[in-house]
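S.K.: One file: protein27.txt (compact mmCIF, N, CA and C atoms and all ligand atoms).
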```txt
# COMPACT_ATOMS: atom_id res chain seq x y z
N MET U 60 0.83 -1.21 0.00
CA MET U 60 0.00 0.00 0.00
C MET U 60 0.86 1.25 0.00
N MET U 61 1.92 1.20 0.82
CA MET U 61 2.76 2.40 0.89
C MET U 61 3.44 2.67 -0.44
N MET U 62 3.84 1.57 -1.13
CA MET U 62 4.51 1.78 -2.41
C MET U 62 3.55 2.38 -3.43
N ALA U 63 2.33 1.88 -3.44
CA ALA U 63 1.35 2.42 -4.38
C ALA U 63 1.12 3.91 -4.10
N PHE U 64 1.03 4.23 -2.82
CA PHE U 64 0.83 5.63 -2.46
C PHE U 64 1.99 6.49 -2.95
N ALA U 65 3.22 5.98 -2.72
CA ALA U 65 4.39 6.75 -3.14
C ALA U 65 4.41 6.94 -4.65
N PHE U 66 4.00 5.91 -5.37
CA PHE U 66 4.00 6.02 -6.82
C PHE U 66 3.02 7.08 -7.29
N GLN U 67 1.85 7.08 -6.69
CA GLN U 67 0.84 8.04 -7.11
C GLN U 67 1.27 9.48 -6.84
N ARG U 68 2.10 9.62 -5.82
CA ARG U 68 2.51 10.98 -5.46
C ARG U 68 3.73 11.45 -6.23
N SER U 69 4.30 10.58 -7.07
CA SER U 69 5.53 10.98 -7.76
C SER U 69 5.21 12.01 -8.85
N PRO U 70 6.19 12.83 -9.20
CA PRO U 70 5.94 13.89 -10.17
C PRO U 70 5.43 13.37 -11.51
N SER U 71 5.98 12.22 -11.96
CA SER U 71 5.54 11.75 -13.27
C SER U 71 4.07 11.35 -13.24
N ALA U 72 3.62 10.81 -12.11
CA ALA U 72 2.22 10.44 -12.03
C ALA U 72 1.33 11.68 -11.98
N ALA U 73 1.92 12.81 -11.58
CA ALA U 73 1.13 14.04 -11.49
C ALA U 73 1.10 14.78 -12.81
N GLY U 74 1.60 14.18 -13.86
CA GLY U 74 1.42 14.78 -15.18
C GLY U 74 2.70 15.30 -15.81
N GLY U 75 3.85 14.85 -15.33
CA GLY U 75 5.09 15.26 -15.97
C GLY U 75 5.67 16.51 -15.35
N SER U 76 6.89 16.83 -15.73
CA SER U 76 7.60 17.92 -15.05
C SER U 76 7.80 19.14 -15.92
N TRP U 77 7.30 19.13 -17.16
CA TRP U 77 7.62 20.26 -18.02
C TRP U 77 6.81 21.49 -17.69
N ALA U 78 5.72 21.32 -16.98
CA ALA U 78 5.02 22.50 -16.46
C ALA U 78 5.74 22.91 -15.19
N SER U 79 6.22 24.13 -15.17
CA SER U 79 7.22 24.47 -14.18
C SER U 79 6.65 24.99 -12.87
N SER U 80 5.37 25.18 -12.77
CA SER U 80 4.80 25.65 -11.51
C SER U 80 3.36 25.17 -11.41
N PRO U 81 2.84 25.12 -10.20
CA PRO U 81 1.42 24.73 -10.06
C PRO U 81 0.52 25.65 -10.88
N GLY U 82 0.83 26.93 -10.93
CA GLY U 82 0.01 27.86 -11.70
C GLY U 82 0.01 27.51 -13.17
N THR U 83 1.19 27.15 -13.68
CA THR U 83 1.28 26.76 -15.09
C THR U 83 0.46 25.52 -15.35
N ARG U 84 0.59 24.53 -14.45
CA ARG U 84 -0.17 23.30 -14.66
C ARG U 84 -1.67 23.58 -14.64
N ARG U 85 -2.09 24.48 -13.76
CA ARG U 85 -3.50 24.82 -13.70
C ARG U 85 -3.94 25.44 -15.03
N SER U 86 -3.11 26.35 -15.56
CA SER U 86 -3.45 26.99 -16.82
C SER U 86 -3.54 25.97 -17.94
N MET U 87 -2.60 25.00 -17.92
CA MET U 87 -2.59 24.01 -18.99
C MET U 87 -3.84 23.16 -18.93
N ARG U 88 -4.23 22.78 -17.72
CA ARG U 88 -5.42 21.96 -17.61
C ARG U 88 -6.65 22.70 -18.11
N SER U 89 -6.66 24.03 -17.92
CA SER U 89 -7.85 24.78 -18.31
C SER U 89 -7.80 25.21 -19.76
N ASN U 90 -6.81 24.72 -20.51
CA ASN U 90 -6.73 25.08 -21.92
C ASN U 90 -7.53 24.11 -22.78
N ARG U 91 -8.67 23.72 -22.31
CA ARG U 91 -9.52 22.87 -23.13
C ARG U 91 -10.21 23.72 -24.17
N ARG U 92 -10.73 23.04 -25.17
CA ARG U 92 -11.30 23.78 -26.29
C ARG U 92 -12.53 24.58 -25.87
N SER U 93 -13.35 24.01 -25.04
CA SER U 93 -14.51 24.78 -24.59
C SER U 93 -14.78 24.44 -23.14
N ASP U 94 -15.75 25.11 -22.56
CA ASP U 94 -16.15 24.78 -21.20
C ASP U 94 -15.12 25.12 -20.14
N THR U 95 -14.32 26.14 -20.36
CA THR U 95 -13.56 26.65 -19.24
C THR U 95 -14.53 27.42 -18.33
N ALA U 96 -14.13 27.63 -17.08
CA ALA U 96 -15.01 28.33 -16.15
C ALA U 96 -15.40 29.73 -16.65
N PRO U 97 -14.46 30.52 -17.18
CA PRO U 97 -14.86 31.85 -17.69
C PRO U 97 -15.87 31.76 -18.85
N GLU U 98 -15.71 30.74 -19.69
CA GLU U 98 -16.67 30.59 -20.79
C GLU U 98 -18.06 30.24 -20.26
N ARG U 99 -18.09 29.31 -19.31
CA ARG U 99 -19.39 28.92 -18.75
C ARG U 99 -20.07 30.12 -18.10
N ALA U 100 -19.30 30.92 -17.37
CA ALA U 100 -19.87 32.08 -16.69
C ALA U 100 -20.44 33.08 -17.70
N LEU U 101 -19.70 33.30 -18.77
CA LEU U 101 -20.18 34.26 -19.77
C LEU U 101 -21.43 33.72 -20.47
N ARG U 102 -21.41 32.43 -20.81
CA ARG U 102 -22.59 31.86 -21.49
C ARG U 102 -23.82 31.97 -20.60
N SER U 103 -23.65 31.72 -19.29
CA SER U 103 -24.79 31.85 -18.37
C SER U 103 -25.30 33.28 -18.36
N ALA U 104 -24.38 34.24 -18.33
CA ALA U 104 -24.79 35.65 -18.29
C ALA U 104 -25.56 36.00 -19.56
N LEU U 105 -25.11 35.49 -20.69
CA LEU U 105 -25.80 35.79 -21.95
C LEU U 105 -27.18 35.15 -21.97
N HIS U 106 -27.27 33.92 -21.47
CA HIS U 106 -28.58 33.25 -21.39
C HIS U 106 -29.54 34.04 -20.52
N ARG U 107 -29.03 34.51 -19.37
CA ARG U 107 -29.90 35.27 -18.46
C ARG U 107 -30.47 36.51 -19.14
N ARG U 108 -29.72 37.05 -20.12
CA ARG U 108 -30.20 38.23 -20.84
C ARG U 108 -31.08 37.85 -22.03
N GLY U 109 -31.37 36.57 -22.16
CA GLY U 109 -32.24 36.14 -23.24
C GLY U 109 -31.55 36.05 -24.59
N LEU U 110 -30.22 36.10 -24.60
CA LEU U 110 -29.48 36.01 -25.85
C LEU U 110 -29.24 34.55 -26.20
N ARG U 111 -29.41 34.22 -27.45
CA ARG U 111 -29.21 32.84 -27.90
C ARG U 111 -28.06 32.80 -28.89
N PHE U 112 -27.24 31.77 -28.76
CA PHE U 112 -25.98 31.73 -29.51
C PHE U 112 -25.56 30.29 -29.68
N ARG U 113 -24.53 30.07 -30.44
CA ARG U 113 -23.91 28.75 -30.57
C ARG U 113 -22.58 28.80 -29.86
N LYS U 114 -22.15 27.66 -29.32
CA LYS U 114 -20.84 27.64 -28.68
C LYS U 114 -19.90 26.71 -29.45
N ASP U 115 -18.61 27.00 -29.33
CA ASP U 115 -17.57 26.18 -29.96
C ASP U 115 -17.93 25.90 -31.41
N TYR U 116 -18.09 26.94 -32.16
CA TYR U 116 -18.68 26.90 -33.50
C TYR U 116 -17.59 27.03 -34.55
N ARG U 117 -17.65 26.16 -35.57
CA ARG U 117 -16.60 26.18 -36.59
C ARG U 117 -17.03 27.01 -37.79
N VAL U 118 -16.13 27.87 -38.23
CA VAL U 118 -16.37 28.66 -39.43
C VAL U 118 -15.21 28.41 -40.38
N ASP U 119 -15.54 28.06 -41.61
CA ASP U 119 -14.51 27.86 -42.63
C ASP U 119 -14.37 29.12 -43.47
N LEU U 120 -13.27 29.80 -43.27
CA LEU U 120 -13.00 31.01 -44.04
C LEU U 120 -12.05 30.67 -45.18
N ALA U 121 -11.88 31.60 -46.09
CA ALA U 121 -11.00 31.35 -47.22
C ALA U 121 -9.60 31.00 -46.74
N GLU U 122 -9.09 31.77 -45.79
CA GLU U 122 -7.70 31.60 -45.37
C GLU U 122 -7.52 30.48 -44.34
N LEU U 123 -8.46 30.34 -43.45
CA LEU U 123 -8.28 29.34 -42.41
C LEU U 123 -9.61 28.95 -41.79
N ARG U 124 -9.53 27.86 -41.05
CA ARG U 124 -10.69 27.32 -40.35
C ARG U 124 -10.61 27.81 -38.91
N VAL U 125 -11.73 28.33 -38.41
CA VAL U 125 -11.72 28.99 -37.11
C VAL U 125 -12.74 28.33 -36.19
N ARG U 126 -12.36 28.12 -34.95
CA ARG U 126 -13.33 27.70 -33.93
C ARG U 126 -13.59 28.87 -33.01
N ILE U 127 -14.87 29.20 -32.86
CA ILE U 127 -15.24 30.39 -32.11
C ILE U 127 -15.96 29.97 -30.84
N ASP U 128 -15.58 30.59 -29.72
CA ASP U 128 -16.11 30.15 -28.42
C ASP U 128 -17.62 30.38 -28.34
N VAL U 129 -18.05 31.58 -28.70
CA VAL U 129 -19.47 31.94 -28.65
C VAL U 129 -19.80 32.69 -29.93
N VAL U 130 -20.84 32.26 -30.62
CA VAL U 130 -21.14 32.83 -31.94
C VAL U 130 -22.60 33.19 -32.06
N PHE U 131 -22.83 34.34 -32.66
CA PHE U 131 -24.17 34.72 -33.11
C PHE U 131 -24.11 34.68 -34.65
N PRO U 132 -24.40 33.51 -35.24
CA PRO U 132 -24.09 33.31 -36.66
C PRO U 132 -24.81 34.28 -37.59
N VAL U 133 -26.09 34.53 -37.32
CA VAL U 133 -26.84 35.41 -38.22
C VAL U 133 -26.27 36.83 -38.19
N ARG U 134 -25.88 37.27 -37.00
CA ARG U 134 -25.32 38.61 -36.87
C ARG U 134 -23.84 38.66 -37.21
N LYS U 135 -23.26 37.50 -37.48
CA LYS U 135 -21.82 37.39 -37.75
C LYS U 135 -20.99 38.06 -36.65
N LEU U 136 -21.35 37.73 -35.42
CA LEU U 136 -20.60 38.22 -34.26
C LEU U 136 -19.87 37.04 -33.62
N ALA U 137 -18.55 37.16 -33.55
CA ALA U 137 -17.71 36.12 -32.97
C ALA U 137 -17.14 36.61 -31.65
N VAL U 138 -17.30 35.79 -30.62
CA VAL U 138 -16.80 36.15 -29.29
C VAL U 138 -15.78 35.11 -28.84
N PHE U 139 -14.61 35.58 -28.44
CA PHE U 139 -13.60 34.70 -27.89
C PHE U 139 -13.39 35.05 -26.44
N ILE U 140 -13.26 34.03 -25.60
CA ILE U 140 -12.91 34.24 -24.20
C ILE U 140 -11.47 33.75 -24.06
N ASP U 141 -10.55 34.69 -23.97
CA ASP U 141 -9.13 34.35 -24.00
C ASP U 141 -8.58 34.18 -22.59
N GLY U 142 -7.91 33.05 -22.37
CA GLY U 142 -7.24 32.83 -21.10
C GLY U 142 -6.05 33.78 -20.96
N CYS U 143 -5.88 34.34 -19.78
CA CYS U 143 -4.82 35.33 -19.55
C CYS U 143 -3.44 34.76 -19.87
N PHE U 144 -3.22 33.52 -19.46
CA PHE U 144 -1.91 32.92 -19.67
C PHE U 144 -1.69 32.62 -21.14
N TRP U 145 -2.61 31.92 -21.76
CA TRP U 145 -2.41 31.41 -23.12
C TRP U 145 -2.41 32.50 -24.17
N HIS U 146 -3.07 33.59 -23.89
CA HIS U 146 -3.19 34.65 -24.90
C HIS U 146 -2.43 35.91 -24.49
N CYS U 147 -1.60 35.79 -23.45
CA CYS U 147 -0.69 36.86 -23.05
C CYS U 147 -1.41 38.15 -22.69
N CYS U 148 -2.33 38.04 -21.76
CA CYS U 148 -2.99 39.22 -21.23
C CYS U 148 -1.95 40.18 -20.66
N PRO U 149 -2.10 41.48 -20.94
CA PRO U 149 -1.09 42.44 -20.46
C PRO U 149 -1.00 42.51 -18.93
N GLU U 150 -2.06 42.11 -18.23
CA GLU U 150 -2.02 42.18 -16.77
C GLU U 150 -1.51 40.90 -16.13
N HIS U 151 -1.85 39.75 -16.71
CA HIS U 151 -1.53 38.48 -16.04
C HIS U 151 -0.69 37.54 -16.89
N GLY U 152 -0.34 37.94 -18.09
CA GLY U 152 0.30 37.01 -19.01
C GLY U 152 1.80 36.89 -18.85
N SER U 153 2.28 36.88 -17.64
CA SER U 153 3.72 36.76 -17.42
C SER U 153 4.18 35.38 -17.84
N SER U 154 5.30 35.30 -18.52
CA SER U 154 5.74 33.99 -19.00
C SER U 154 6.43 33.23 -17.87
N PRO U 155 6.27 31.92 -17.87
CA PRO U 155 6.85 31.11 -16.80
C PRO U 155 8.38 31.24 -16.76
N ARG U 156 8.93 31.06 -15.58
CA ARG U 156 10.37 31.28 -15.43
C ARG U 156 11.20 30.19 -16.11
N LEU U 157 10.73 28.95 -16.00
CA LEU U 157 11.51 27.86 -16.57
C LEU U 157 11.07 27.58 -18.00
N ASN U 158 11.89 26.85 -18.74
CA ASN U 158 11.58 26.50 -20.13
C ASN U 158 11.21 27.75 -20.93
N ASN U 159 11.98 28.79 -20.75
CA ASN U 159 11.55 30.08 -21.26
C ASN U 159 11.42 30.13 -22.78
N ASP U 160 12.40 29.52 -23.49
CA ASP U 160 12.33 29.54 -24.96
C ASP U 160 11.07 28.82 -25.44
N PHE U 161 10.84 27.67 -24.82
CA PHE U 161 9.67 26.88 -25.22
C PHE U 161 8.40 27.70 -25.06
N TRP U 162 8.25 28.29 -23.88
CA TRP U 162 7.01 29.01 -23.60
C TRP U 162 6.89 30.27 -24.44
N GLU U 163 8.00 30.96 -24.62
CA GLU U 163 7.92 32.19 -25.42
C GLU U 163 7.46 31.87 -26.83
N ARG U 164 8.04 30.80 -27.40
CA ARG U 164 7.63 30.42 -28.76
C ARG U 164 6.15 30.05 -28.79
N LYS U 165 5.77 29.23 -27.82
CA LYS U 165 4.39 28.72 -27.82
C LYS U 165 3.39 29.87 -27.67
N LEU U 166 3.67 30.76 -26.73
CA LEU U 166 2.72 31.85 -26.48
C LEU U 166 2.71 32.85 -27.63
N ARG U 167 3.90 33.09 -28.21
CA ARG U 167 3.94 33.99 -29.36
C ARG U 167 3.13 33.42 -30.52
N THR U 168 3.23 32.11 -30.70
CA THR U 168 2.43 31.46 -31.75
C THR U 168 0.94 31.66 -31.51
N ASN U 169 0.53 31.53 -30.25
CA ASN U 169 -0.89 31.75 -29.93
C ASN U 169 -1.34 33.16 -30.29
N VAL U 170 -0.53 34.14 -29.90
CA VAL U 170 -0.90 35.53 -30.14
C VAL U 170 -0.96 35.82 -31.63
N GLU U 171 0.01 35.26 -32.36
CA GLU U 171 0.01 35.47 -33.82
C GLU U 171 -1.21 34.82 -34.46
N ARG U 172 -1.57 33.65 -33.95
CA ARG U 172 -2.75 33.00 -34.51
C ARG U 172 -4.01 33.82 -34.20
N ASP U 173 -4.11 34.34 -32.98
CA ASP U 173 -5.25 35.19 -32.65
C ASP U 173 -5.39 36.33 -33.66
N ALA U 174 -4.26 36.95 -34.00
CA ALA U 174 -4.29 38.08 -34.93
C ALA U 174 -4.74 37.62 -36.32
N ARG U 175 -4.23 36.46 -36.75
CA ARG U 175 -4.64 35.94 -38.06
C ARG U 175 -6.13 35.62 -38.08
N VAL U 176 -6.63 35.04 -36.98
CA VAL U 176 -8.06 34.71 -36.89
C VAL U 176 -8.89 35.98 -36.97
N ASP U 177 -8.48 36.99 -36.21
CA ASP U 177 -9.23 38.26 -36.22
C ASP U 177 -9.26 38.85 -37.63
N ASP U 178 -8.10 38.90 -38.28
CA ASP U 178 -8.01 39.46 -39.63
C ASP U 178 -8.93 38.71 -40.59
N ALA U 179 -8.87 37.38 -40.53
CA ALA U 179 -9.66 36.57 -41.46
C ALA U 179 -11.15 36.80 -41.22
N LEU U 180 -11.56 36.85 -39.96
CA LEU U 180 -12.97 37.07 -39.66
C LEU U 180 -13.41 38.47 -40.11
N LEU U 181 -12.59 39.46 -39.78
CA LEU U 181 -12.96 40.84 -40.13
C LEU U 181 -13.09 40.99 -41.64
N SER U 182 -12.16 40.40 -42.39
CA SER U 182 -12.24 40.58 -43.83
C SER U 182 -13.38 39.76 -44.43
N ALA U 183 -13.94 38.81 -43.68
CA ALA U 183 -15.12 38.09 -44.14
C ALA U 183 -16.41 38.74 -43.62
N GLY U 184 -16.28 39.93 -43.06
CA GLY U 184 -17.46 40.67 -42.66
C GLY U 184 -17.96 40.39 -41.25
N TRP U 185 -17.13 39.70 -40.44
CA TRP U 185 -17.53 39.41 -39.08
C TRP U 185 -17.14 40.55 -38.14
N THR U 186 -17.87 40.63 -37.03
CA THR U 186 -17.46 41.46 -35.91
C THR U 186 -16.81 40.54 -34.88
N VAL U 187 -15.69 40.96 -34.33
CA VAL U 187 -14.96 40.13 -33.37
C VAL U 187 -14.87 40.84 -32.02
N ILE U 188 -15.24 40.11 -30.98
CA ILE U 188 -15.08 40.62 -29.61
C ILE U 188 -14.20 39.63 -28.86
N ARG U 189 -13.13 40.13 -28.28
CA ARG U 189 -12.29 39.28 -27.43
C ARG U 189 -12.42 39.72 -25.99
N CYS U 190 -12.77 38.75 -25.14
CA CYS U 190 -12.88 39.00 -23.71
C CYS U 190 -11.72 38.31 -23.02
N TRP U 191 -11.12 38.96 -22.03
CA TRP U 191 -10.13 38.29 -21.20
C TRP U 191 -10.84 37.50 -20.12
N GLU U 192 -10.22 36.41 -19.71
CA GLU U 192 -10.85 35.63 -18.65
C GLU U 192 -10.96 36.42 -17.34
N HIS U 193 -10.13 37.47 -17.19
CA HIS U 193 -10.19 38.25 -15.95
C HIS U 193 -11.29 39.33 -16.02
N GLU U 194 -11.87 39.53 -17.19
CA GLU U 194 -12.86 40.60 -17.34
C GLU U 194 -14.13 40.23 -16.57
N PRO U 195 -14.67 41.15 -15.79
CA PRO U 195 -15.93 40.83 -15.09
C PRO U 195 -16.99 40.39 -16.10
N VAL U 196 -17.70 39.34 -15.77
CA VAL U 196 -18.55 38.69 -16.76
C VAL U 196 -19.66 39.63 -17.24
N GLU U 197 -20.17 40.48 -16.35
CA GLU U 197 -21.24 41.38 -16.78
C GLU U 197 -20.72 42.47 -17.72
N VAL U 198 -19.48 42.86 -17.52
CA VAL U 198 -18.85 43.84 -18.43
C VAL U 198 -18.72 43.23 -19.83
N ALA U 199 -18.28 41.98 -19.87
CA ALA U 199 -18.15 41.30 -21.16
C ALA U 199 -19.52 41.15 -21.81
N ALA U 200 -20.51 40.75 -21.02
CA ALA U 200 -21.87 40.58 -21.56
C ALA U 200 -22.41 41.91 -22.09
N ASN U 201 -22.10 43.01 -21.39
CA ASN U 201 -22.52 44.33 -21.88
C ASN U 201 -21.93 44.63 -23.24
N ARG U 202 -20.63 44.34 -23.39
CA ARG U 202 -19.97 44.62 -24.67
C ARG U 202 -20.63 43.83 -25.80
N ILE U 203 -20.97 42.58 -25.50
CA ILE U 203 -21.58 41.72 -26.52
C ILE U 203 -22.97 42.22 -26.87
N GLN U 204 -23.73 42.56 -25.83
CA GLN U 204 -25.09 43.05 -26.07
C GLN U 204 -25.07 44.34 -26.88
N GLU U 205 -24.13 45.19 -26.56
CA GLU U 205 -23.98 46.45 -27.28
C GLU U 205 -23.65 46.19 -28.75
N ALA U 206 -22.72 45.28 -28.99
CA ALA U 206 -22.34 44.96 -30.37
C ALA U 206 -23.54 44.39 -31.14
N LEU U 207 -24.35 43.58 -30.46
CA LEU U 207 -25.53 43.01 -31.12
C LEU U 207 -26.54 44.08 -31.49
N SER U 208 -26.65 45.09 -30.64
CA SER U 208 -27.65 46.12 -30.93
C SER U 208 -27.16 47.04 -32.06
N LEU U 209 -25.87 47.06 -32.28
CA LEU U 209 -25.31 47.88 -33.37
C LEU U 209 -25.27 47.10 -34.68
N ALA U 210 -25.19 45.79 -34.56
CA ALA U 210 -24.96 44.98 -35.77
C ALA U 210 -26.17 45.02 -36.72
ZN ZN U 301 -5.71 38.85 -17.34
```
Represent the supplied structure as structure tokens.
M.R.:
Amino acid sequence: MMMAFAFQRSPSAAGGSWASSPGTRRSMRSNRRSDTAPERALRSALHRRGLRFRKDYRVDLAELRVRIDVVFPVRKLAVFIDGCFWHCCPEHGSSPRLNNDFWERKLRTNVERDARVDDALLSAGWTVIRCWEHEPVEVAANRIQEALSLA
């Protein structure tokens, strides 16, 4: 029993060592395609306002294929809920201390892809709203509602 316990507690059993801090590991776990806590909170807020939308919605554009967190397809409004770590939020997007080259490359790739996605959507006539995961959910919902009333 003791050996089994020790094995379960070893670093490799906890998911490997390349994530250099508990915070990093938490961020990595929450990098799922949909259903992060900030996404769920925003979707609930939009539902409470009577807004109906699609989630995790794929759009095939000329240049690239895009997955959008929250979409109002008829209004061509695309909403992304960006994690502070993965999308380099100016307030919380500090890069991890270890494996610096790896992380810098990875995060820079994310940011560049975000820009390409925005450009492709905009040139296809979409409106794009990006929310940070740290943004108060009602503030984000206000921005979306405002964009819908203008669209
Ligand atoms: Zn942030």
S.K.: Choose the residue, out of U:Ala104, U:Ile127, U:Cys143, U:Ile188, that has the smallest atom-to-atom separation from ligand ZN 301 (chain U); count all atoms listed in the file.
M.R.: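 Closest to ligand ZN 301 (chain U), using all atoms listed in the file: U:Cys143.
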S.K.: Taking only N, CA and C atoms and all ligand atoms and a cut-off of 8 Å, can you tell me which residues surround ligand ZN 301 (chain U), written as number ranges by chain?
M.R.: U: 141-144, 147-152, 191-194
S.K.: What does the distance between atom CA of Glu98 of chain U and atom CA of Arg164 of chain U come to in Å, to one decimal place?
M.R.: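 Taking atom CA of Glu98 of chain U and atom CA of Arg164 of chain U, their separation equals 25.6 Å.
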S.K.: So which residues are close to (-8.2, 40.9, -28.4), meaning at most 10 Å away in the file's coordinates with only C-alpha atoms counted, and can you show them as number ranges by chain?
M.R.: U: 138-141, 146, 148, 170, 173-174, 177, 187-191
S.K.: Take atom C of Leu101 of chain U and atom CA of Thr186 of chain U and report the distance between them in Å, one decimal.
M.R.: 17.7 Å
